[in-house]
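Q: Take a look at the following structure, please.
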Amino acid sequence: QLQSLKKTNKSHPFTEFCPKEKKMASAAFVYRTIQVDDKTNNPSELLQVYALNQYDSGLSRTTNWNTVEFSRKAEAVLSEELNNNSYKCARWCTHADLTGIDKIKLGYVRRRKNGDNTFHDIVKVETRQLKELTRPLSLNPKSQWGMFNTFMRNFEELPDGRYIVIREPVKVIFFSFCIVKLDTVLYNVLSSFGL
């Protein structure tokens with residue numbers, strides 16, 4: 001299924017279900033089914049689907065994803081995206097690895113007009129083996145679990161409670177702060193976010 005955001009001037013169909021103190025959303029998601037199958041023969045095969053979005057290529061100084069030229073530049077675009085969005089791609093690969101999925105379907109999506117966020121074009125859809133994507137990112141499942149283990153070991157020494165972990169933006173330094181129930185305003189705000 002393809003998800004798109006659609007704004008409308010019609011009255012919202014769910015206003016009767018919304019409490020009066022809440023504001024209704026100004027847009028709704030519309031789902032359309034499209035065929036994205038390219039060389040996947042097994043209908044019960046598990047894979048994850050993700051979209052790589054092109055930012056304004058003029059501002060970001062990246063390869064333009066014109067539909068005509070894209071077939072020649074597909075490998076270069078993927079390499080550039082893995083380099084520029086390494087965290088996002090590593091997160092996708094880690095999710096796939098944890099769920100036991102060995103294929104990821106990537107969609108290359110670009111805006112029709114740079115200033116308009118409502119209309120998009122799907123330039124290409126391709127299926128990639130997980131190993132193809134983890135190799136350039138230097139991902140190793142054993143080292144990922146080692147980092148997680150080291151991270152969690154730091155919390156074993158701390159007393160039970162709720163904590164916020166904040167990363168220093170420029171350095172790889174993490175700070176953990178205990179949330180005390182006495183600070184009710186902060187506690188209520190964080191609880192509303194599920195923390």
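Labels for the structure tokens follow display order: chains A, B, ..., residues from 1 in each chain, ligands from 1.
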Neighbours of segment 133-136 of chain A within 8 Å (only C-alpha atoms; same-chain residues fewer than 5 positions away dropped), as a list in words?

A: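 Once the nearby chain positions are removed, what remains is Leu82, Ala90, Cys93 and Arg128 of chain A.
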
Q: Those same residues, written as a PDB file, in the first residue's frame with all heavy atoms?

A:
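In the end it all went to part-v2.pdb:
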ATOM      1  N   LEU A  82      23.438   6.051   1.522  1.00  0.00           N
ATOM      2  CA  LEU A  82      24.010   5.301   2.641  1.00  0.00           C
ATOM      3  C   LEU A  82      25.048   6.134   3.386  1.00  0.00           C
ATOM      4  O   LEU A  82      25.194   6.015   4.605  1.00  0.00           O
ATOM      5  CB  LEU A  82      24.642   3.997   2.146  1.00  0.00           C
ATOM      6  CG  LEU A  82      23.669   2.917   1.670  1.00  0.00           C
ATOM      7  CD1 LEU A  82      24.435   1.747   1.064  1.00  0.00           C
ATOM      8  CD2 LEU A  82      22.774   2.452   2.795  1.00  0.00           C
ATOM      9  N   ALA A  90      21.279   2.425   8.938  1.00  0.00           N
ATOM     10  CA  ALA A  90      21.751   1.440   9.918  1.00  0.00           C
ATOM     11  C   ALA A  90      20.610   0.989  10.813  1.00  0.00           C
ATOM     12  O   ALA A  90      20.508  -0.191  11.161  1.00  0.00           O
ATOM     13  CB  ALA A  90      22.880   2.033  10.758  1.00  0.00           C
ATOM     14  N   CYS A  93      18.541  -1.480   8.827  1.00  0.00           N
ATOM     15  CA  CYS A  93      19.232  -2.776   8.727  1.00  0.00           C
ATOM     16  C   CYS A  93      19.188  -3.522  10.055  1.00  0.00           C
ATOM     17  O   CYS A  93      19.022  -4.745  10.085  1.00  0.00           O
ATOM     18  CB  CYS A  93      20.670  -2.578   8.269  1.00  0.00           C
ATOM     19  SG  CYS A  93      20.809  -2.004   6.568  1.00  0.00           S
ATOM     20  N   ARG A 128      16.743  -5.264  -2.143  1.00  0.00           N
ATOM     21  CA  ARG A 128      18.165  -5.450  -1.859  1.00  0.00           C
ATOM     22  C   ARG A 128      18.336  -6.477  -0.755  1.00  0.00           C
ATOM     23  O   ARG A 128      17.539  -6.541   0.177  1.00  0.00           O
ATOM     24  CB  ARG A 128      18.796  -4.140  -1.377  1.00  0.00           C
ATOM     25  CG  ARG A 128      18.877  -3.066  -2.406  1.00  0.00           C
ATOM     26  CD  ARG A 128      20.023  -3.328  -3.319  1.00  0.00           C
ATOM     27  NE  ARG A 128      20.176  -2.276  -4.305  1.00  0.00           N
ATOM     28  CZ  ARG A 128      21.302  -1.981  -4.868  1.00  0.00           C
ATOM     29  NH1 ARG A 128      22.394  -2.626  -4.561  1.00  0.00           N
ATOM     30  NH2 ARG A 128      21.366  -1.039  -5.765  1.00  0.00           N
TER      31      ARG A 128
END

Q: Determine, counting only C-alpha atoms, which protein, DNA and RNA residues have an atom within 12 Å of an atom of Asn84 of chain A; residues of the same chain fewer than 3 positions away are not included. Present the result as a count of residues only.

A: 18

Q: Would you return as a ChimeraX atom specification the members of segment 46-189 of chain A that DSSP assigns to helix (DSSP H, G or I) on this structure's backbone?

A: /A:57-60,67-84,86-99,130-137,141-156,184-189

Q: Give me the residues near segment 103-117 of chain A as a VMD selection string, where near means some atom within 9 Å (using only C-alpha atoms) and where sequence neighbours in that chain fewer than 5 positions away do not count.

A: chain A and resid 5 46 to 56 65 to 66 92 to 93 96 122 to 131 133

Q: Can you work out which one of A:Asp121, A:Glu45, A:Asp102, A:Glu132 has the shortest atom-to-atom distance to Glu75 of chain A, counting only C-alpha atoms?

A: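 Closest candidate: A:Glu132.
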
Q: Please, which residues of segment 17-150 of chain A, numbered as in this document, come out strand (DSSP E) from DSSP, as a ChimeraX atom specification?

A: /A:27-32,48-53,103-111,120-129

Q: Please report the interatomic distance between atom CA of Phe151 of chain A and atom CA of Val165 of chain A in Å with one decimal.

A: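 Interatomic distance, atom CA of Phe151 of chain A to atom CA of Val165 of chain A: 10.6 Å.
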